[in-house]
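**Student:** File name my_file.pdb; file contents PDB, C-alpha atoms; full text below.
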```
ATOM      1  CA  MET A 227      96.581  83.445 100.895
ATOM      2  CA  PHE A 228      96.002  80.503  98.697
ATOM      3  CA  LEU A 229      92.903  79.020  97.211
ATOM      4  CA  LEU A 230      91.305  75.824  98.330
ATOM      5  CA  ASP A 231      89.244  73.914  95.785
ATOM      6  CA  GLY A 232      91.480  75.253  93.121
ATOM      7  CA  VAL A 233      93.521  77.900  94.748
ATOM      8  CA  ARG A 234      94.853  78.754  98.147
ATOM      9  CA  ARG A 235      94.256  82.221  99.198
ATOM     10  CA  ARG A 236      95.520  84.760 101.570
ATOM     11  CA  PHE A 237      98.517  86.699 101.664
ATOM     12  CA  CYS A 238     101.904  86.183 103.066
ATOM     13  CA  PHE A 239     101.438  87.991 106.244
ATOM     14  CA  VAL A 240      99.718  91.137 106.071
ATOM     15  CA  SER A 241      99.364  93.913 108.504
ATOM     16  CA  LEU A 242      95.922  94.497 109.746
ATOM     17  CA  PHE A 243      93.495  96.889 108.334
ATOM     18  CA  VAL A 244      91.033  96.967 105.503
ATOM     19  CA  VAL A 245      88.866  99.375 103.575
ATOM     20  CA  GLY A 246      87.857 100.034 100.019
ATOM     21  CA  SER A 247      85.409 102.179  98.278
ATOM     22  CA  VAL A 248      83.807 104.052 101.096
ATOM     23  CA  ALA A 249      80.345 102.718 101.703
ATOM     24  CA  ALA A 250      77.343 104.414 103.138
ATOM     25  CA  CYS A 251      77.013 104.577 106.891
ATOM     26  CA  GLY A 252      74.471 102.518 108.753
ATOM     27  CA  SER A 253      73.071 102.896 112.232
ATOM     28  CA  SER A 254      72.211  99.925 114.397
ATOM     29  CA  ASN A 255      69.501  99.553 116.998
ATOM     30  CA  LYS A 256      71.117  99.202 120.407
ATOM     31  CA  ILE A 257      69.137  97.637 123.183
ATOM     32  CA  GLY A 258      69.546  96.118 126.585
ATOM     33  CA  THR A 259      72.102  96.577 129.327
ATOM     34  CA  SER A 260      75.354  98.328 128.525
ATOM     35  CA  LEU A 261      78.091  95.721 128.592
ATOM     36  CA  LYS A 262      81.565  95.656 127.199
ATOM     37  CA  GLY A 263      81.608  93.426 124.142
ATOM     38  CA  LEU A 264      83.391  93.394 120.832
ATOM     39  CA  ALA A 265      82.820  97.149 120.994
ATOM     40  CA  HIS A 266      83.881  98.830 124.215
ATOM     41  CA  SER A 267      80.445 100.225 125.014
ATOM     42  CA  LYS A 268      77.166 100.784 123.237
ATOM     43  CA  GLU A 269      77.106 104.441 124.252
ATOM     44  CA  GLY A 270      80.297 105.221 122.378
ATOM     45  CA  ARG A 271      80.752 105.665 118.639
ATOM     46  CA  ASN A 272      81.713 102.283 117.254
ATOM     47  CA  VAL A 273      83.070 102.099 113.718
ATOM     48  CA  ALA A 274      83.979  99.145 111.491
ATOM     49  CA  VAL A 275      86.503  99.549 108.663
ATOM     50  CA  LEU A 276      86.557  96.666 106.183
ATOM     51  CA  MET A 277      89.465  96.771 103.723
ATOM     52  CA  GLY A 278      90.242  94.299 100.976
ATOM     53  CA  SER A 279      92.658  93.973  98.081
ATOM     54  CA  PRO A 280      92.116  90.900  95.882
ATOM     55  CA  ASN A 281      95.205  90.852  93.637
ATOM     56  CA  GLY A 282      93.823  87.678  92.076
ATOM     57  CA  LEU A 283      92.011  86.281  95.134
ATOM     58  CA  PRO A 284      88.352  85.678  94.171
ATOM     59  CA  GLY A 285      87.085  85.442  97.749
ATOM     60  CA  VAL A 286      88.181  88.900  98.915
ATOM     61  CA  PRO A 287      85.138  90.813  97.553
ATOM     62  CA  THR A 288      82.906  88.191  99.165
ATOM     63  CA  ASP A 289      84.625  88.697 102.524
ATOM     64  CA  ILE A 290      84.010  92.438 102.448
ATOM     65  CA  LEU A 291      80.435  92.212 101.161
ATOM     66  CA  GLU A 292      79.322  89.553 103.627
ATOM     67  CA  LEU A 293      80.934  91.179 106.662
ATOM     68  CA  ASP A 294      79.330  94.473 105.712
ATOM     69  CA  LEU A 295      75.928  92.807 105.534
ATOM     70  CA  LEU A 296      76.529  91.080 108.871
ATOM     71  CA  PHE A 297      77.602  94.251 110.643
ATOM     72  CA  ARG A 298      74.554  96.126 109.347
ATOM     73  CA  ASN A 299      72.172  93.334 110.386
ATOM     74  CA  THR A 300      70.070  94.740 113.199
ATOM     75  CA  GLY A 301      69.051  91.220 114.114
ATOM     76  CA  VAL A 302      72.651  90.412 114.988
ATOM     77  CA  ASP A 303      73.553  93.965 116.051
ATOM     78  CA  LEU A 304      77.214  94.176 116.958
ATOM     79  CA  GLY A 305      76.764  97.788 117.962
ATOM     80  CA  PHE A 306      78.473  99.504 115.028
ATOM     81  CA  ASP A 307      77.235 102.972 114.158
ATOM     82  CA  GLU A 308      79.140 103.159 110.885
ATOM     83  CA  VAL A 309      80.641 100.654 108.463
ATOM     84  CA  VAL A 310      83.214 101.767 105.888
ATOM     85  CA  LYS A 311      84.270  99.302 103.211
ATOM     86  CA  ASP A 312      86.504  98.970 100.159
ATOM     87  CA  ASN A 313      87.230  95.706  98.367
ATOM     88  CA  GLU A 314      89.856  97.128  95.997
ATOM     89  CA  ALA A 315      91.728  99.407  98.339
ATOM     90  CA  THR A 316      94.935 101.281  97.587
ATOM     91  CA  THR A 317      97.155 102.437 100.434
ATOM     92  CA  ALA A 318      95.718 105.959 100.059
ATOM     93  CA  ASP A 319      92.205 104.523 100.424
ATOM     94  CA  ILE A 320      93.204 102.529 103.479
ATOM     95  CA  PHE A 321      95.008 105.315 105.312
ATOM     96  CA  SER A 322      92.487 108.069 104.608
ATOM     97  CA  SER A 323      89.326 106.017 105.139
ATOM     98  CA  THR A 324      90.627 104.468 108.344
ATOM     99  CA  ALA A 325      91.817 107.783 109.753
ATOM    100  CA  GLU A 326      88.533 109.532 108.964
ATOM    101  CA  ALA A 327      86.425 106.749 110.442
ATOM    102  CA  ALA A 328      88.568 106.540 113.574
ATOM    103  CA  SER A 329      88.872 110.276 114.170
ATOM    104  CA  ASP A 330      86.010 110.421 116.682
ATOM    105  CA  ALA A 331      85.485 106.726 117.414
ATOM    106  CA  ASP A 332      85.259 104.937 120.751
ATOM    107  CA  THR A 333      85.899 101.506 119.250
ATOM    108  CA  LEU A 334      87.520 100.848 115.885
ATOM    109  CA  PHE A 335      87.062  97.435 114.291
ATOM    110  CA  TRP A 336      89.731  97.092 111.603
ATOM    111  CA  TYR A 337      89.683  94.189 109.145
ATOM    112  CA  PHE A 338      91.840  93.313 106.172
ATOM    113  CA  SER A 339      91.483  90.602 103.546
ATOM    114  CA  GLY A 340      94.143  89.987 100.923
ATOM    115  CA  HIS A 341      97.739  88.964 100.300
ATOM    116  CA  GLY A 342     100.412  89.533 102.890
ATOM    117  CA  ASN A 343     103.721  88.484 104.338
ATOM    118  CA  THR A 344     105.254  88.668 107.788
ATOM    119  CA  GLY A 345     104.448  92.102 109.134
ATOM    120  CA  ILE A 346     103.112  93.511 105.870
ATOM    121  CA  MET A 347      99.967  93.530 103.728
ATOM    122  CA  LEU A 348      99.460  94.083 100.020
ATOM    123  CA  ALA A 349      97.118  96.826  98.821
ATOM    124  CA  GLU A 350      96.236  97.458  95.172
ATOM    125  CA  ASP A 351      99.278  99.679  94.655
ATOM    126  CA  ARG A 352     101.960  98.420  97.067
ATOM    127  CA  SER A 353     102.681  96.617 100.298
ATOM    128  CA  PHE A 354     102.241  98.481 103.573
ATOM    129  CA  THR A 355     102.755  98.015 107.288
ATOM    130  CA  PHE A 356     100.517  98.315 110.292
ATOM    131  CA  SER A 357     102.644 101.175 111.540
ATOM    132  CA  GLU A 358     101.596 103.265 108.545
ATOM    133  CA  VAL A 359      97.931 102.710 109.321
ATOM    134  CA  ALA A 360      98.394 103.284 113.042
ATOM    135  CA  ASN A 361     100.273 106.525 112.519
ATOM    136  CA  ALA A 362      97.507 107.827 110.248
ATOM    137  CA  VAL A 363      94.923 107.090 112.951
ATOM    138  CA  ILE A 364      97.039 108.640 115.717
ATOM    139  CA  ALA A 365      97.467 111.824 113.690
ATOM    140  CA  ALA A 366      93.737 112.027 112.926
ATOM    141  CA  ARG A 367      92.835 111.606 116.584
ATOM    142  CA  LYS A 368      95.480 114.080 117.742
ATOM    143  CA  SER A 369      97.059 111.412 119.927
ATOM    144  CA  ARG A 370      93.822 110.519 121.759
ATOM    145  CA  PRO A 371      93.920 106.712 122.053
ATOM    146  CA  LEU A 372      90.918 104.610 121.086
ATOM    147  CA  GLU A 373      89.084 103.010 123.976
ATOM    148  CA  ARG A 374      89.287  99.725 122.072
ATOM    149  CA  LEU A 375      90.886  98.560 118.870
ATOM    150  CA  VAL A 376      89.769  95.256 117.349
ATOM    151  CA  VAL A 377      91.906  93.930 114.505
ATOM    152  CA  MET A 378      91.115  90.896 112.367
ATOM    153  CA  ILE A 379      93.286  89.816 109.461
ATOM    154  CA  ASP A 380      92.657  87.151 106.837
ATOM    155  CA  SER A 381      95.998  86.485 105.178
ATOM    156  CA  CYS A 382      98.923  84.113 105.081
ATOM    157  CA  TYR A 383     101.239  84.130 108.111
ATOM    158  CA  SER A 384      99.047  86.684 109.854
ATOM    159  CA  GLY A 385      99.806  85.010 113.178
ATOM    160  CA  SER A 386     103.228  86.645 113.067
ATOM    161  CA  PHE A 387     101.568  89.665 114.660
ATOM    162  CA  VAL A 388     100.318  87.514 117.515
ATOM    163  CA  ASP A 389     102.775  84.721 118.254
ATOM    164  CA  GLY A 390     105.937  86.332 116.921
ATOM    165  CA  ARG A 391     109.070  84.497 115.845
ATOM    166  CA  THR A 392     110.578  84.436 112.406
ATOM    167  CA  PRO A 393     108.006  82.760 110.157
ATOM    168  CA  ILE A 394     108.571  79.531 108.332
ATOM    169  CA  ILE A 395     107.207  79.668 104.806
ATOM    170  CA  PRO A 396     106.986  76.093 103.511
ATOM    171  CA  SER A 397     105.265  74.792 100.411
ATOM    172  CA  LYS A 398     102.067  72.919 101.230
ATOM    173  CA  GLU A 399     100.093  70.004  99.873
ATOM    174  CA  GLY A 400      96.404  69.540 100.308
ATOM    175  CA  GLY A 401      94.475  66.410 101.163
ATOM    176  CA  GLY A 402      94.227  63.652  98.592
ATOM    177  CA  GLY A 403      97.531  64.627  97.048
ATOM    178  CA  ASP A 404      96.163  67.842  95.563
ATOM    179  CA  VAL A 405      98.707  70.612  95.506
ATOM    180  CA  ILE A 406      97.453  73.760  97.158
ATOM    181  CA  ARG A 407      98.997  76.645  95.272
ATOM    182  CA  SER A 408     100.157  79.374  97.574
ATOM    183  CA  LYS A 409      99.199  82.850  96.522
ATOM    184  CA  CYS A 410     101.379  84.493  99.101
ATOM    185  CA  ILE A 411     103.450  87.081  97.323
ATOM    186  CA  PRO A 412     107.102  87.576  98.355
ATOM    187  CA  MET A 413     107.477  91.227  99.317
ATOM    188  CA  ALA A 414     110.368  93.306 100.508
ATOM    189  CA  GLY A 415     110.255  94.732 103.998
ATOM    190  CA  ALA A 416     108.940  91.706 105.905
ATOM    191  CA  PHE A 417     109.971  91.443 109.531
ATOM    192  CA  THR A 418     112.720  88.942 110.219
ATOM    193  CA  SER A 419     112.924  89.137 114.018
ATOM    194  CA  SER A 420     110.465  87.961 116.631
ATOM    195  CA  GLU A 421     110.902  91.235 118.519
ATOM    196  CA  ASP A 422     109.752  93.303 115.547
ATOM    197  CA  ALA A 423     106.774  91.068 114.817
ATOM    198  CA  MET A 424     105.631  90.821 118.435
ATOM    199  CA  ALA A 425     105.971  94.541 119.081
ATOM    200  CA  GLU A 426     104.264  95.766 115.927
ATOM    201  CA  ILE A 427     100.858  96.042 117.557
ATOM    202  CA  GLY A 428     101.725  96.134 121.241
ATOM    203  CA  LYS A 429     104.021  99.141 120.882
ATOM    204  CA  PHE A 430     100.990 101.312 120.137
ATOM    205  CA  GLN A 431      99.341 100.625 123.472
ATOM    206  CA  GLY A 432      98.637 103.926 125.163
ATOM    207  CA  THR A 433      98.971 105.999 122.000
ATOM    208  CA  LEU A 434      96.707 104.213 119.524
ATOM    209  CA  PHE A 435      94.508 102.263 121.947
ATOM    210  CA  LYS A 436      93.814 101.595 125.598
ATOM    211  CA  GLN A 437      92.620  98.045 124.910
ATOM    212  CA  ALA A 438      92.974  95.827 121.881
ATOM    213  CA  PHE A 439      91.990  92.406 120.584
ATOM    214  CA  VAL A 440      93.794  90.914 117.596
ATOM    215  CA  LEU A 441      92.523  87.822 115.763
ATOM    216  CA  ALA A 442      94.595  86.430 112.885
ATOM    217  CA  SER A 443      93.543  83.794 110.362
ATOM    218  CA  SER A 444      96.571  81.516 110.712
ATOM    219  CA  THR A 445      99.697  80.899 112.723
ATOM    220  CA  LYS A 446     102.997  82.577 111.921
ATOM    221  CA  ASN A 447     104.052  79.685 109.682
ATOM    222  CA  GLU A 448     100.830  78.930 107.807
ATOM    223  CA  THR A 449      99.219  80.130 104.654
ATOM    224  CA  SER A 450      95.482  80.867 104.736
ATOM    225  CA  ALA A 451      92.822  79.478 102.422
ATOM    226  CA  ASP A 452      90.490  81.184  99.979
ATOM    227  CA  LEU A 453      87.379  79.057  99.422
ATOM    228  CA  GLY A 454      86.448  80.930  96.252
ATOM    229  CA  ARG A 455      83.915  83.545  95.292
ATOM    230  CA  SER A 456      80.936  81.736  96.805
ATOM    231  CA  ARG A 457      82.324  81.567 100.360
ATOM    232  CA  GLY A 458      85.375  83.823 100.566
ATOM    233  CA  GLY A 459      88.274  83.223 102.921
ATOM    234  CA  ALA A 460      88.050  80.149 105.145
ATOM    235  CA  PHE A 461      88.702  82.250 108.237
ATOM    236  CA  THR A 462      86.175  84.965 107.410
ATOM    237  CA  TRP A 463      83.563  82.409 106.368
ATOM    238  CA  SER A 464      84.052  80.640 109.712
ATOM    239  CA  LEU A 465      83.958  83.898 111.663
ATOM    240  CA  ARG A 466      80.654  84.889 110.058
ATOM    241  CA  GLY A 467      79.220  81.476 110.844
ATOM    242  CA  ALA A 468      80.301  81.658 114.486
ATOM    243  CA  ILE A 469      78.731  85.100 114.908
ATOM    244  CA  ASN A 470      75.474  84.124 113.212
ATOM    245  CA  THR A 471      75.177  80.897 115.197
ATOM    246  CA  ALA A 472      75.807  82.677 118.500
ATOM    247  CA  SER A 473      73.289  85.407 117.706
ATOM    248  CA  VAL A 474      70.583  82.808 117.148
ATOM    249  CA  ALA A 475      71.514  80.466 120.004
ATOM    250  CA  GLY A 476      71.817  83.219 122.598
ATOM    251  CA  ARG A 477      73.758  86.359 123.321
ATOM    252  CA  ASP A 478      75.874  85.112 126.197
ATOM    253  CA  SER A 479      78.880  84.092 124.073
ATOM    254  CA  THR A 480      82.191  85.625 125.071
ATOM    255  CA  ILE A 481      84.830  87.014 122.746
ATOM    256  CA  LEU A 482      86.958  83.963 123.550
ATOM    257  CA  GLN A 483      84.136  81.548 122.673
ATOM    258  CA  ILE A 484      83.577  83.212 119.294
ATOM    259  CA  ALA A 485      87.320  83.023 118.627
ATOM    260  CA  GLU A 486      87.413  79.339 119.580
ATOM    261  CA  ARG A 487      84.436  78.486 117.340
ATOM    262  CA  THR A 488      86.044  80.379 114.487
ATOM    263  CA  ARG A 489      89.291  78.492 115.004
ATOM    264  CA  ALA A 490      87.630  75.076 114.995
ATOM    265  CA  ASP A 491      85.659  75.769 111.807
ATOM    266  CA  THR A 492      88.653  77.345 110.056
ATOM    267  CA  GLU A 493      90.789  74.308 110.827
ATOM    268  CA  GLU A 494      88.087  72.071 109.348
ATOM    269  CA  VAL A 495      87.404  73.947 106.109
ATOM    270  CA  GLY A 496      90.733  75.694 105.537
ATOM    271  CA  GLY A 497      93.375  73.570 107.204
ATOM    272  CA  HIS A 498      94.967  76.451 109.117
ATOM    273  CA  THR A 499      94.678  77.653 112.702
ATOM    274  CA  PRO A 500      93.589  81.158 113.772
ATOM    275  CA  VAL A 501      95.436  82.696 116.715
ATOM    276  CA  TRP A 502      94.681  85.699 118.890
ATOM    277  CA  SER A 503      95.983  88.028 121.540
ATOM    278  CA  ALA A 504      94.513  90.691 123.811
ATOM    279  CA  PHE A 505      96.103  93.869 125.133
ATOM    280  CA  PRO A 506      96.726  94.719 127.887
ATOM    281  CA  SER A 507      95.464  91.400 129.237
ATOM    282  CA  ALA A 508      93.248  88.422 128.513
ATOM    283  CA  GLN A 509      90.450  90.094 130.484
ATOM    284  CA  ILE A 510      88.917  91.169 127.200
ATOM    285  CA  LEU A 511      88.481  87.552 126.127
ATOM    286  CA  GLY A 512      86.002  86.903 128.925
ATOM    287  CA  GLU A 513      83.716  89.782 127.997
ATOM    288  CA  LYS A 514      80.459  89.345 126.116
ATOM    289  CA  PHE A 515      80.860  89.393 122.335
ATOM    290  CA  PHE A 516      77.462  91.045 121.920
ATOM    291  CA  LEU A 517      76.622  94.318 123.608
ATOM    292  CA  TYR A 518      73.588  93.156 125.494
ATOM    293  CA  GLU A 519      72.480  90.300 127.741
TER     294      GLU A 519
END
```
Could you take the file, read its structure, and then write that structure out as structure tokens?
**Tutor:**
Amino acid sequence: MFLLDGVRRRFCFVSLFVVGSVAACGSSNKIGTSLKGLAHSKEGRNVAVLMGSPNGLPGVPTDILELDLLFRNTGVDLGFDEVVKDNEATTADIFSSTAEAASDADTLFWYFSGHGNTGIMLAEDRSFTFSEVANAVIAARKSRPLERLVVMIDSCYSGSFVDGRTPIIPSKEGGGGDVIRSKCIPMAGAFTSSEDAMAEIGKFQGTLFKQAFVLASSTKNETSADLGRSRGGAFTWSLRGAINTASVAGRDSTILQIAERTRADTEEVGGHTPVWSAFPSAQILGEKFFLYE
């Protein structure tokens, strides 16, 4: 990621999970009719895992803190029974915290903020792949797939997990002639084929999850912006705004509508375009984002 207003943020593509110092659990008040939403059902155990690794990116701690506050907000109520967070996560933190949280979950929301490259993310100690995280979850659940996995990644080239193809990694210039310094870190082990990138999440269908929704902060050939400590990543800042706005305006927004609002705002403030995909089909996109009418 690179920083805007001084630095462009987000990682060369990263994989897709996040956690840090394990935070206290929080229960939400669930009301209304049971509907599929971001979480598969309100009756199930729905867990959010928020992982971050700054490595020089000032907005990463803000991303984790503000999402944690949002997910615990009973006024918004996204239906999560537990939120686990870590804004300086090592790979050991990420694997163990994610596996423990997912062990008896119905829906797992997995989020990562930090540096990345095509097919990989950068933790505090080393780069890692989504496969490593997925395998830890599968082992913890004894091969019982999640009802729903929701993955959101705020990093450079994160769209490589959604739209595939070998990424293009160009230098970029910001508006007004200002050079936007990329903070994407070259890392060994990045995928170089579209088949590898496209299959990285989808290959786990049936073993890791029954349904999944993946939302990435930028296309396969874009860096992602860090707006600084006050706002965090452009994508995450826009996502929080879309959720808050929809919760106030009404609870009939679909997952697709939240994704589209996030994309529009991210393009405006960050200059990059979020992309998404749903497994096994786009049916998920038409479901309510919130768990009640």
**Student:** CA of Thr288 in chain A and CA of Asp491 in chain A, how far apart in Å?
**Tutor:**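 Distance between the two atoms: 17.9 Å.
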**Student:** Given the PyMOL selection byres ((chain A and resi 506) around 10) and the file above, list the residues it selects as a list in words.
**Tutor:**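 Evaluating the PyMOL selection byres ((chain A and resi 506) around 10) on this file yields Gly428, Gln431, Gly432, Phe435, Lys436, Gln437, Ala438, Phe439, Ser503, Ala504, Phe505, Ser507, Ala508, Gln509 and Ile510 of chain A.
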**Student:** Which residues would end up in the selection if the PyMOL selection byres ((chain A and resi 365) around 12) were applied here, given that I need the answer as number ranges by chain?
**Tutor:** A: 321-322, 324-326, 328-330, 358-364, 366-371, 433-434
**Student:** Quick one, how far is CA of Asp351 in chain A from CA of Ile320 in chain A?
**Tutor:** 11.1 Å
**Student:** Quote the spacing between CA of Gly385 in chain A and CA of Leu348 in chain A in Å to one decimal place.
**Tutor:** 16.0 Å
**Student:** Give me, as JSON lines, the closest atom pair and its distance (Å, one decimal) for every residue of range 303-355 of chain A within a cut-off of 12 Å of range 458-466 of chain A, counting all atoms listed in the file, rows sorted by chain and rising number.
**Tutor:**
```
{"residue": "A:Tyr337", "atom": "CA", "partner": "A:Thr462", "partner_atom": "CA", "distance": 10.0}
{"residue": "A:Phe338", "atom": "CA", "partner": "A:Thr462", "partner_atom": "CA", "distance": 10.2}
{"residue": "A:Ser339", "atom": "CA", "partner": "A:Gly459", "partner_atom": "CA", "distance": 8.1}
{"residue": "A:Gly340", "atom": "CA", "partner": "A:Gly459", "partner_atom": "CA", "distance": 9.2}
{"residue": "A:His341", "atom": "CA", "partner": "A:Gly459", "partner_atom": "CA", "distance": 11.4}
```
**Student:** Take the selection from the previous step and output its residues with C-alpha atoms, as a short mmCIF file (atom, residue, chain, number, x, y, z; two decimals), in the coordinates of the input.
**Tutor:**
```cif
data_model
loop_
_atom_site.label_atom_id
_atom_site.label_comp_id
_atom_site.auth_asym_id
_atom_site.auth_seq_id
_atom_site.Cartn_x
_atom_site.Cartn_y
_atom_site.Cartn_z
CA TYR A 337 89.68 94.19 109.14
CA PHE A 338 91.84 93.31 106.17
CA SER A 339 91.48 90.60 103.55
CA GLY A 340 94.14 89.99 100.92
CA HIS A 341 97.74 88.96 100.30
#
```
**Student:** Taking into account only C-alpha atoms, which residue in the set A:Gly301, A:Gly278, A:Leu264, A:Ala349 is nearest to Ala485 in chain A?
**Tutor:**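 Closest to Ala485 in chain A, using only C-alpha atoms: A:Leu264.
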**Student:** I would like the residues chosen by the PyMOL selection byres ((chain A and resi 486-488) around 12) on the shown file; could you give them as a VMD selection string?
**Tutor:** chain A and resid 378 441 to 444 460 to 472 479 to 485 489 to 496 498 to 502 511
**Student:** Considering only C-alpha atoms, can you say which of A:Leu283, A:Val376, A:Lys429, A:Asp478 comes closest to Ser357 in chain A?
**Tutor:**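 The answer is A:Lys429, which sits nearest to Ser357 in chain A.
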**Student:** My list of candidates is A:Asp380, A:Asp307, A:Asp294, A:Glu373. Which is closest to Ser279 in chain A when distances are computed with all atoms listed in the file?
**Tutor:**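 Smallest distance to Ser279 in chain A is found for A:Asp380.
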**Student:** Could you pull the residues within 7 Å of Phe516 in chain A, counting all atoms listed in the file, minus those fewer than 3 positions along the same chain, as a list in words?
**Tutor:** Gly263, Leu264, Leu304 and Arg477 of chain A
**Student:** Just the selected residues (C-alpha atoms), exported as a compact mmCIF listing (two decimals), keeping the file's coordinate frame, please.
**Tutor:**
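Dumped everything to out_31.txt:
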```
# COMPACT_ATOMS: atom_id res chain seq x y z
CA GLY A 263 81.61 93.43 124.14
CA LEU A 264 83.39 93.39 120.83
CA LEU A 304 77.21 94.18 116.96
CA ARG A 477 73.76 86.36 123.32
```
